[in-house]
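K.L.:
Contents of start-v1.cif (mmCIF, C-alpha atoms) are below:
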```cif
data_query
#
loop_
_atom_site.label_atom_id
_atom_site.label_comp_id
_atom_site.auth_asym_id
_atom_site.auth_seq_id
_atom_site.Cartn_x
_atom_site.Cartn_y
_atom_site.Cartn_z
CA MET L 15 -128.19 10.13 -49.20
CA PHE L 16 -131.95 10.52 -48.75
CA GLN L 17 -132.38 6.73 -48.67
CA LEU L 18 -129.62 6.40 -46.08
CA ASN L 19 -131.32 8.99 -43.88
CA ILE L 20 -134.65 7.15 -44.16
CA ALA L 21 -132.96 3.87 -43.24
CA ALA L 22 -131.28 5.49 -40.24
CA ILE L 23 -134.58 6.99 -39.06
CA ILE L 24 -136.30 3.58 -39.38
CA ALA L 25 -133.47 1.90 -37.47
CA VAL L 26 -133.64 4.45 -34.65
CA ALA L 27 -137.45 4.19 -34.51
CA GLY L 28 -137.20 0.39 -34.42
CA GLN L 29 -134.73 0.47 -31.55
CA ALA L 30 -136.94 2.88 -29.60
CA ALA L 31 -140.01 0.71 -30.16
CA TRP L 32 -138.09 -2.41 -29.08
CA LYS L 33 -136.91 -0.69 -25.90
CA LYS L 34 -140.54 0.08 -25.06
CA THR L 35 -141.94 -3.37 -25.91
CA LYS L 36 -139.07 -5.47 -24.50
CA PRO L 37 -140.02 -4.98 -20.82
CA VAL L 38 -143.64 -5.87 -21.65
CA LEU L 39 -142.62 -9.01 -23.54
CA VAL L 40 -140.24 -10.09 -20.77
CA LYS L 41 -142.94 -9.52 -18.19
CA GLU L 42 -145.62 -11.45 -20.12
CA THR L 43 -143.48 -14.35 -21.34
CA VAL L 44 -140.99 -14.81 -18.49
CA ILE L 45 -141.77 -13.03 -15.25
CA LEU L 46 -145.50 -13.69 -14.86
CA PRO L 47 -145.33 -17.40 -15.89
CA ALA L 48 -142.35 -17.84 -13.53
CA ILE L 49 -144.38 -16.34 -10.68
CA GLY L 50 -147.19 -18.81 -11.41
CA PHE L 51 -144.86 -21.81 -11.37
CA LEU L 52 -143.11 -20.58 -8.22
CA ALA L 53 -146.49 -20.25 -6.51
CA ILE L 54 -147.34 -23.87 -7.37
CA ILE L 55 -143.96 -25.10 -6.12
CA LEU L 56 -144.34 -23.08 -2.92
CA LEU L 57 -147.81 -24.57 -2.33
CA TRP L 58 -146.39 -28.06 -2.93
CA TRP L 59 -143.56 -27.32 -0.49
CA VAL L 60 -145.95 -26.16 2.24
CA ILE L 61 -148.21 -29.22 1.85
CA ALA L 62 -145.15 -31.51 1.85
CA LEU L 63 -143.87 -29.97 5.08
CA VAL L 64 -147.26 -30.52 6.72
CA ASN L 65 -147.45 -34.14 5.50
CA HIS L 66 -143.76 -34.94 5.18
CA GLU L 67 -144.07 -38.63 6.03
CA LEU L 68 -145.73 -39.34 2.67
CA MET L 69 -145.10 -36.38 0.39
CA PRO L 70 -141.58 -35.24 -0.61
CA THR L 71 -140.53 -31.61 -0.88
CA PRO L 72 -139.53 -30.33 -4.36
CA PRO L 73 -135.76 -30.70 -3.74
CA GLU L 74 -136.26 -34.24 -2.38
CA ALA L 75 -138.37 -35.16 -5.42
CA LEU L 76 -135.70 -33.77 -7.75
CA VAL L 77 -132.94 -35.81 -6.11
CA ALA L 78 -135.09 -38.97 -6.10
CA ASN L 79 -135.86 -38.60 -9.81
CA LEU L 80 -132.35 -37.77 -11.04
CA ASP L 81 -131.93 -41.24 -12.54
CA TYR L 82 -135.17 -40.92 -14.54
CA ILE L 83 -134.26 -37.40 -15.65
CA LEU L 84 -130.64 -38.09 -16.61
CA ASN L 85 -131.30 -41.54 -18.14
CA PRO L 86 -134.81 -41.44 -19.63
CA PHE L 87 -134.13 -44.26 -22.11
CA TYR L 88 -132.45 -46.90 -19.96
CA GLN L 89 -133.31 -50.61 -20.35
CA ARG L 90 -132.53 -52.74 -17.33
CA GLY L 91 -134.50 -55.87 -17.97
CA PRO L 92 -138.10 -56.79 -18.86
CA GLY L 93 -140.50 -54.13 -17.66
CA ASN L 94 -137.73 -51.98 -16.18
CA LEU L 95 -137.61 -49.15 -18.70
CA GLY L 96 -136.82 -45.45 -18.52
CA ILE L 97 -139.62 -42.92 -18.53
CA GLY L 98 -138.78 -41.96 -22.11
CA TRP L 99 -139.72 -45.44 -23.38
CA LEU L 100 -142.94 -45.36 -21.34
CA LEU L 101 -143.84 -41.99 -22.82
CA ILE L 102 -143.19 -43.25 -26.37
CA ALA L 103 -145.44 -46.28 -25.76
CA SER L 104 -148.29 -44.02 -24.59
CA LEU L 105 -147.78 -41.59 -27.47
CA ARG L 106 -147.91 -44.45 -29.98
CA ARG L 107 -151.30 -45.57 -28.67
CA VAL L 108 -152.66 -42.04 -28.59
CA LEU L 109 -151.49 -41.12 -32.09
CA LEU L 110 -152.77 -44.38 -33.61
CA GLY L 111 -156.20 -44.01 -32.03
CA PHE L 112 -156.33 -40.29 -32.78
CA LEU L 113 -155.40 -40.71 -36.46
CA LEU L 114 -157.91 -43.53 -36.93
CA GLY L 115 -160.54 -41.33 -35.29
CA ALA L 116 -159.69 -38.41 -37.58
CA VAL L 117 -159.92 -40.61 -40.70
CA VAL L 118 -163.45 -41.61 -39.68
CA ALA L 119 -164.64 -38.37 -38.05
CA ILE L 120 -163.76 -35.84 -40.78
CA PRO L 121 -165.72 -37.58 -43.60
CA LEU L 122 -168.65 -38.16 -41.22
CA GLY L 123 -168.58 -34.49 -40.26
CA PHE L 124 -168.66 -33.49 -43.92
CA LEU L 125 -171.57 -35.84 -44.55
CA ILE L 126 -173.56 -34.45 -41.61
CA GLY L 127 -172.77 -30.84 -42.51
CA MET L 128 -173.73 -31.23 -46.17
CA SER L 129 -176.76 -33.51 -45.88
CA LYS L 130 -179.80 -32.79 -43.75
CA SER L 131 -180.86 -36.44 -44.00
CA ALA L 132 -177.49 -37.61 -42.67
CA MET L 133 -177.69 -35.03 -39.89
CA LEU L 134 -181.15 -36.24 -38.83
CA ALA L 135 -179.99 -39.87 -38.93
CA LEU L 136 -176.63 -39.52 -37.18
CA ASN L 137 -177.16 -36.62 -34.77
CA PRO L 138 -179.22 -38.69 -32.26
CA VAL L 139 -176.51 -41.38 -32.26
CA ILE L 140 -173.80 -38.80 -31.60
CA GLN L 141 -175.80 -37.13 -28.83
CA ILE L 142 -176.35 -40.50 -27.10
CA PHE L 143 -172.77 -41.75 -27.28
CA LYS L 144 -170.95 -38.41 -26.84
CA PRO L 145 -171.60 -38.12 -23.06
CA VAL L 146 -170.49 -41.71 -22.38
CA SER L 147 -167.25 -41.83 -20.41
CA PRO L 148 -164.40 -43.16 -22.54
CA LEU L 149 -163.52 -45.65 -19.79
CA ALA L 150 -166.98 -47.19 -20.15
CA TRP L 151 -165.84 -48.47 -23.56
CA LEU L 152 -162.83 -50.26 -22.09
CA PRO L 153 -164.65 -53.46 -20.95
CA ILE L 154 -166.30 -53.70 -24.38
CA ALA L 155 -162.94 -53.24 -26.09
CA LEU L 156 -161.32 -55.88 -23.87
CA ALA L 157 -164.16 -58.28 -24.71
CA ILE L 158 -163.67 -57.67 -28.43
CA PHE L 159 -159.87 -57.68 -28.67
CA ASN L 160 -158.91 -59.63 -25.52
CA LEU L 161 -155.66 -57.63 -25.46
CA ALA L 162 -154.75 -54.46 -23.59
CA ASP L 163 -152.92 -52.62 -26.39
CA PRO L 164 -155.60 -52.69 -29.12
CA SER L 165 -158.25 -52.07 -26.46
CA ALA L 166 -156.49 -48.86 -25.39
CA ILE L 167 -156.20 -47.74 -29.02
CA PHE L 168 -159.91 -48.48 -29.55
CA VAL L 169 -160.85 -46.33 -26.53
CA ILE L 170 -158.73 -43.47 -27.89
CA PHE L 171 -160.39 -43.93 -31.28
CA ILE L 172 -163.87 -43.61 -29.76
CA THR L 173 -162.76 -40.64 -27.66
CA SER L 174 -161.36 -38.82 -30.71
CA LEU L 175 -164.53 -39.11 -32.78
CA TRP L 176 -167.03 -36.75 -31.22
CA PRO L 177 -165.25 -33.34 -31.03
CA THR L 178 -163.90 -33.74 -34.57
CA ILE L 179 -167.26 -34.84 -36.02
CA ILE L 180 -169.15 -32.00 -34.35
CA ASN L 181 -166.64 -29.27 -35.25
CA THR L 182 -166.28 -30.51 -38.84
CA ALA L 183 -170.06 -30.57 -39.31
CA LEU L 184 -170.30 -27.08 -37.82
CA GLY L 185 -167.59 -25.81 -40.16
CA VAL L 186 -169.22 -27.32 -43.24
CA SER L 187 -172.67 -26.00 -42.35
CA SER L 188 -171.20 -22.54 -41.61
CA VAL L 189 -169.87 -22.02 -45.14
CA PRO L 190 -171.66 -18.90 -46.49
CA LYS L 191 -174.58 -19.83 -48.73
CA ASP L 192 -173.48 -17.19 -51.26
CA TYR L 193 -170.29 -19.20 -51.96
CA ILE L 194 -172.33 -22.31 -52.72
CA ASP L 195 -174.77 -20.36 -54.93
CA VAL L 196 -171.91 -18.89 -56.95
CA ALA L 197 -170.43 -22.37 -57.41
CA ARG L 198 -173.79 -23.63 -58.68
CA VAL L 199 -174.10 -20.72 -61.10
CA LEU L 200 -170.64 -21.58 -62.42
CA GLU L 201 -171.79 -25.22 -62.71
CA MET L 202 -168.89 -26.33 -60.55
CA PRO L 203 -168.88 -30.13 -59.97
CA ARG L 204 -169.75 -31.31 -56.46
CA TRP L 205 -166.27 -32.66 -55.75
CA ARG L 206 -164.75 -29.35 -56.83
CA ARG L 207 -167.12 -27.43 -54.57
CA ILE L 208 -165.94 -29.59 -51.68
CA THR L 209 -162.21 -29.23 -52.40
CA LYS L 210 -162.16 -25.56 -53.45
CA ILE L 211 -164.84 -23.96 -51.26
CA ILE L 212 -166.12 -26.10 -48.40
CA TRP L 213 -162.82 -27.73 -47.37
CA PRO L 214 -160.75 -24.49 -47.07
CA ALA L 215 -163.58 -22.69 -45.25
CA SER L 216 -164.00 -25.59 -42.80
CA LEU L 217 -160.33 -26.11 -41.95
CA PRO L 218 -160.25 -23.83 -38.86
CA TYR L 219 -163.24 -25.72 -37.41
CA ILE L 220 -161.70 -29.09 -38.28
CA PHE L 221 -158.42 -28.22 -36.56
CA THR L 222 -160.28 -26.99 -33.50
CA GLY L 223 -162.00 -30.38 -33.30
CA LEU L 224 -158.71 -32.20 -33.81
CA ARG L 225 -156.98 -30.25 -31.05
CA ILE L 226 -159.81 -30.90 -28.61
CA SER L 227 -159.84 -34.60 -29.57
CA LEU L 228 -156.09 -34.94 -29.11
CA GLY L 229 -156.20 -33.21 -25.73
CA ILE L 230 -158.97 -35.50 -24.48
CA ALA L 231 -157.20 -38.57 -25.90
CA TRP L 232 -154.03 -37.70 -23.99
CA LEU L 233 -156.08 -37.35 -20.80
CA VAL L 234 -157.81 -40.68 -21.35
CA ILE L 235 -154.73 -42.78 -22.15
CA VAL L 236 -153.35 -42.25 -18.64
CA ALA L 237 -156.53 -43.60 -17.05
CA VAL L 238 -156.75 -46.48 -19.55
CA GLU L 239 -153.17 -47.57 -18.88
CA MET L 240 -153.80 -47.47 -15.14
CA LEU L 241 -156.55 -50.05 -15.65
CA THR L 242 -154.95 -52.22 -18.33
CA GLY L 243 -151.34 -52.21 -17.10
CA GLY L 244 -148.39 -52.92 -19.37
CA ILE L 245 -145.89 -50.35 -20.60
CA GLY L 246 -146.98 -46.73 -20.53
CA ILE L 247 -146.88 -43.50 -18.57
CA GLY L 248 -150.30 -44.17 -17.03
CA PHE L 249 -149.29 -47.54 -15.60
CA PHE L 250 -146.07 -45.94 -14.37
CA VAL L 251 -148.14 -43.47 -12.30
CA TRP L 252 -150.25 -46.26 -10.80
CA ASP L 253 -147.26 -48.52 -10.15
CA GLU L 254 -145.30 -45.77 -8.39
CA TRP L 255 -148.32 -44.84 -6.31
CA SER L 256 -148.71 -48.49 -5.29
CA ARG L 257 -145.15 -48.28 -3.99
CA LEU L 258 -145.96 -44.98 -2.23
CA ASN L 259 -143.25 -43.35 -4.34
CA LEU L 260 -144.84 -39.91 -4.77
CA SER L 261 -141.59 -38.41 -6.07
CA SER L 262 -141.96 -40.38 -9.30
CA VAL L 263 -145.67 -39.57 -9.46
CA PHE L 264 -144.86 -35.85 -9.43
CA LEU L 265 -142.32 -36.40 -12.21
CA ALA L 266 -144.91 -38.27 -14.27
CA VAL L 267 -147.46 -35.48 -13.78
CA LEU L 268 -144.92 -32.93 -15.06
CA VAL L 269 -144.03 -35.12 -18.06
CA ILE L 270 -147.71 -35.70 -18.91
CA GLY L 271 -148.47 -31.98 -18.72
CA LEU L 272 -145.49 -30.93 -20.85
CA THR L 273 -146.25 -33.62 -23.43
CA GLY L 274 -149.87 -32.49 -23.71
CA LEU L 275 -148.67 -28.90 -24.18
CA LEU L 276 -146.25 -29.94 -26.93
CA LEU L 277 -148.91 -32.02 -28.71
CA ASP L 278 -151.30 -29.08 -28.81
CA PHE L 279 -148.48 -26.77 -29.94
CA ALA L 280 -147.57 -29.18 -32.76
CA VAL L 281 -151.15 -29.38 -34.04
CA GLY L 282 -151.39 -25.59 -33.82
CA LYS L 283 -148.27 -25.22 -35.97
CA ILE L 284 -149.67 -27.69 -38.53
CA GLN L 285 -152.87 -25.63 -38.57
CA GLU L 286 -150.86 -22.47 -39.30
CA LEU L 287 -149.05 -24.20 -42.18
CA VAL L 288 -152.22 -25.62 -43.70
CA THR L 289 -154.57 -22.66 -43.24
CA ARG L 290 -151.90 -19.91 -43.32
CA ARG L 291 -153.61 -18.38 -40.29
CA PRO L 292 -152.33 -18.14 -36.72
CA GLY L 293 -153.73 -21.04 -34.70
CA THR L 294 -155.73 -20.27 -31.57
CA THR L 295 -155.31 -22.20 -28.35
CA ALA L 296 -157.81 -25.02 -28.05
CA SER L 297 -159.72 -24.97 -24.83
#
```
Go through the file and emit its structure as structure tokens.

P.N.:
Amino acid sequence: MFQLNIAAIIAVAGQAAWKKTKPVLVKETVILPAIGFLAIILLWWVIALVNHELMPTPPEALVANLDYILNPFYQRGPGNLGIGWLLIASLRRVLLGFLLGAVVAIPLGFLIGMSKSAMLALNPVIQIFKPVSPLAWLPIALAIFNLADPSAIFVIFITSLWPTIINTALGVSSVPKDYIDVARVLEMPRWRRITKIIWPASLPYIFTGLRISLGIAWLVIVAVEMLTGGIGIGFFVWDEWSRLNLSSVFLAVLVIGLTGLLLDFAVGKIQELVTRRPGTTAS
């Protein structure tokens, strides 16, 4: 009987707490974001009414894009593909370049963080190349590969290097010295020190670098595809603008933004699974 009373008290207390927190959660997760989106749509509507000859209103853009929205994976001949196929083509380039960059950047970051000599040798190179615009690498990539697709992947690869290298090196160098001293006292082999101490302690920094790299890579692929052409969401934006079809441009902007949000969310979830800590939003 005593246990039943305790359970009833806990249930009542839980319901009371939920009634208090529910309005706050609804406000923070639904109402306030909805107000923000409505404000953007209202601003778009006002600008469209002022310049209606070129820019569509939100309802007009929705009607014009119904075919893309309802049939994202249509195939109606060479080059006439639904926006879903274009998005997949861009994602393939981004993920290939990003993964290649991660494979190179993480070991380099470990080397720089663990070796002062490597840091002195590689840090000037990183500081020189890091500020270079990713698009500046595109002519070099086109000269090397003579093809648009591998050139775009190469640009994403270069773009993905620097944030991951820097954050990995910072994470490795930030491992408390006491941990390393204890490992030396225990005569722990170097590889075991890396896998059991340095690697787990550096993971939050590494994932921060990866999230920043992926975000920048997704930004860059749109600009790269505008310049190289072919199949992709970036070329779709440029092609629709060339036709003065701003309705499709607005759709592409929404798709690009949502995709970037989902990519960051996915990496954050992987971070939670690997580190068993809640992932923070990469800025």

K.L.:
Just to confirm, what's the straight-line distance from CA of Arg198 in chain L to CA of Ile220 in chain L in Å (one decimal)?

P.N.:
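It comes out at 24.3 Å.
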
K.L.:
Can you tell me how far CA of Val234 in chain L sits from CA of Ile140 in chain L, in Å to one decimal?

P.N.:
19.1 Å

K.L.:
Kindly give the distance, in Å, that separates CA of Leu258 in chain L and CA of Ile54 in chain L, rounded to a single decimal.

P.N.:
21.8 Å

K.L.:
Suppose a student applies the PyMOL selection byres ((chain L and resi 235) around 10) to this structure; what residues should they get, written as a ChimeraX atom specification?

P.N.:
/L:104-105,107-108,148-149,166-167,169-170,173,230-234,236-241,246-249

K.L.:
Select, from L:Ser262, L:Ser227, L:Ser147, L:Thr222, the residue with the minimum atom-to-atom distance to Pro72 in chain L, counting all atoms listed in the file.

P.N.:
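Distance minimum relative to Pro72 in chain L lands on L:Ser262.
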
K.L.:
May I ask which of the residues L:Trp151, L:Phe279, L:Tyr82, L:Trp99 is the closest one to Val263 in chain L, counting all atoms listed in the file?

P.N.:
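Nearest to Val263 in chain L: L:Tyr82.
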
K.L.:
From the set L:Phe168, L:Phe250, L:Gly93, L:Leu80, which residue has the shortest atom-to-atom contact distance to Pro153 in chain L, counting only C-alpha atoms?

P.N.:
L:Phe168

K.L.:
Specify as a ChimeraX atom specification each residue included when the PyMOL selection byres ((chain L and resi 214) around 12) is applied to this file.

P.N.:
/L:182,185-186,188-189,193,206-213,215-221,285,288-291

K.L.:
Mind telling me what the PyMOL selection byres ((chain L and resi 125) around 12) catches here, as a list in words?

P.N.:
Val118, Ala119, Ile120, Pro121, Leu122, Gly123, Phe124, Ile126, Gly127, Met128, Ser129, Lys130, Ser131, Ala132, Met133, Leu134, Ala135, Leu136, Asn137, Ile179, Ile180, Thr182, Ala183, Leu184, Gly185, Val186, Ser187, Ile208 and Ile212 of chain L

K.L.:
Which residue is closest to Val267 in chain L? Choose from L:Ile245, L:Leu228, L:Ile154, L:Val251 and count only C-alpha atoms.

P.N.:
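Looking at the shortest contact to Val267 in chain L, the residue is L:Val251.
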
K.L.:
Quick one: residues within 9 Å of Leu68 in chain L, only C-alpha atoms counted, chain neighbours fewer than 6 positions away excluded, as a PyMOL selection string?

P.N.:
chain L and resi 62+258-260

K.L.:
Find the residues around Pro177 in chain L up to 8 Å (all atoms listed in the file counted), leave out those fewer than 3 positions away in its own chain, and share them as a PyMOL selection string.

P.N.:
chain L and resi 174+180-181+223-224+226-227

K.L.:
So, with only C-alpha atoms as the atoms that count, which of L:Leu57, L:Val77, L:Leu46, L:Ile102 lies closest to Val269 in chain L?

P.N.:
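Using only C-alpha atoms, the shortest distance to Val269 in chain L belongs to L:Ile102.
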
K.L.:
Rank nothing, just name the residue among L:Gly91, L:Leu175, L:Leu200, L:Gly115 nearest to Lys144 in chain L, using all atoms listed in the file.

P.N.:
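Answer, going by the shortest atom-to-atom distance: L:Leu175.
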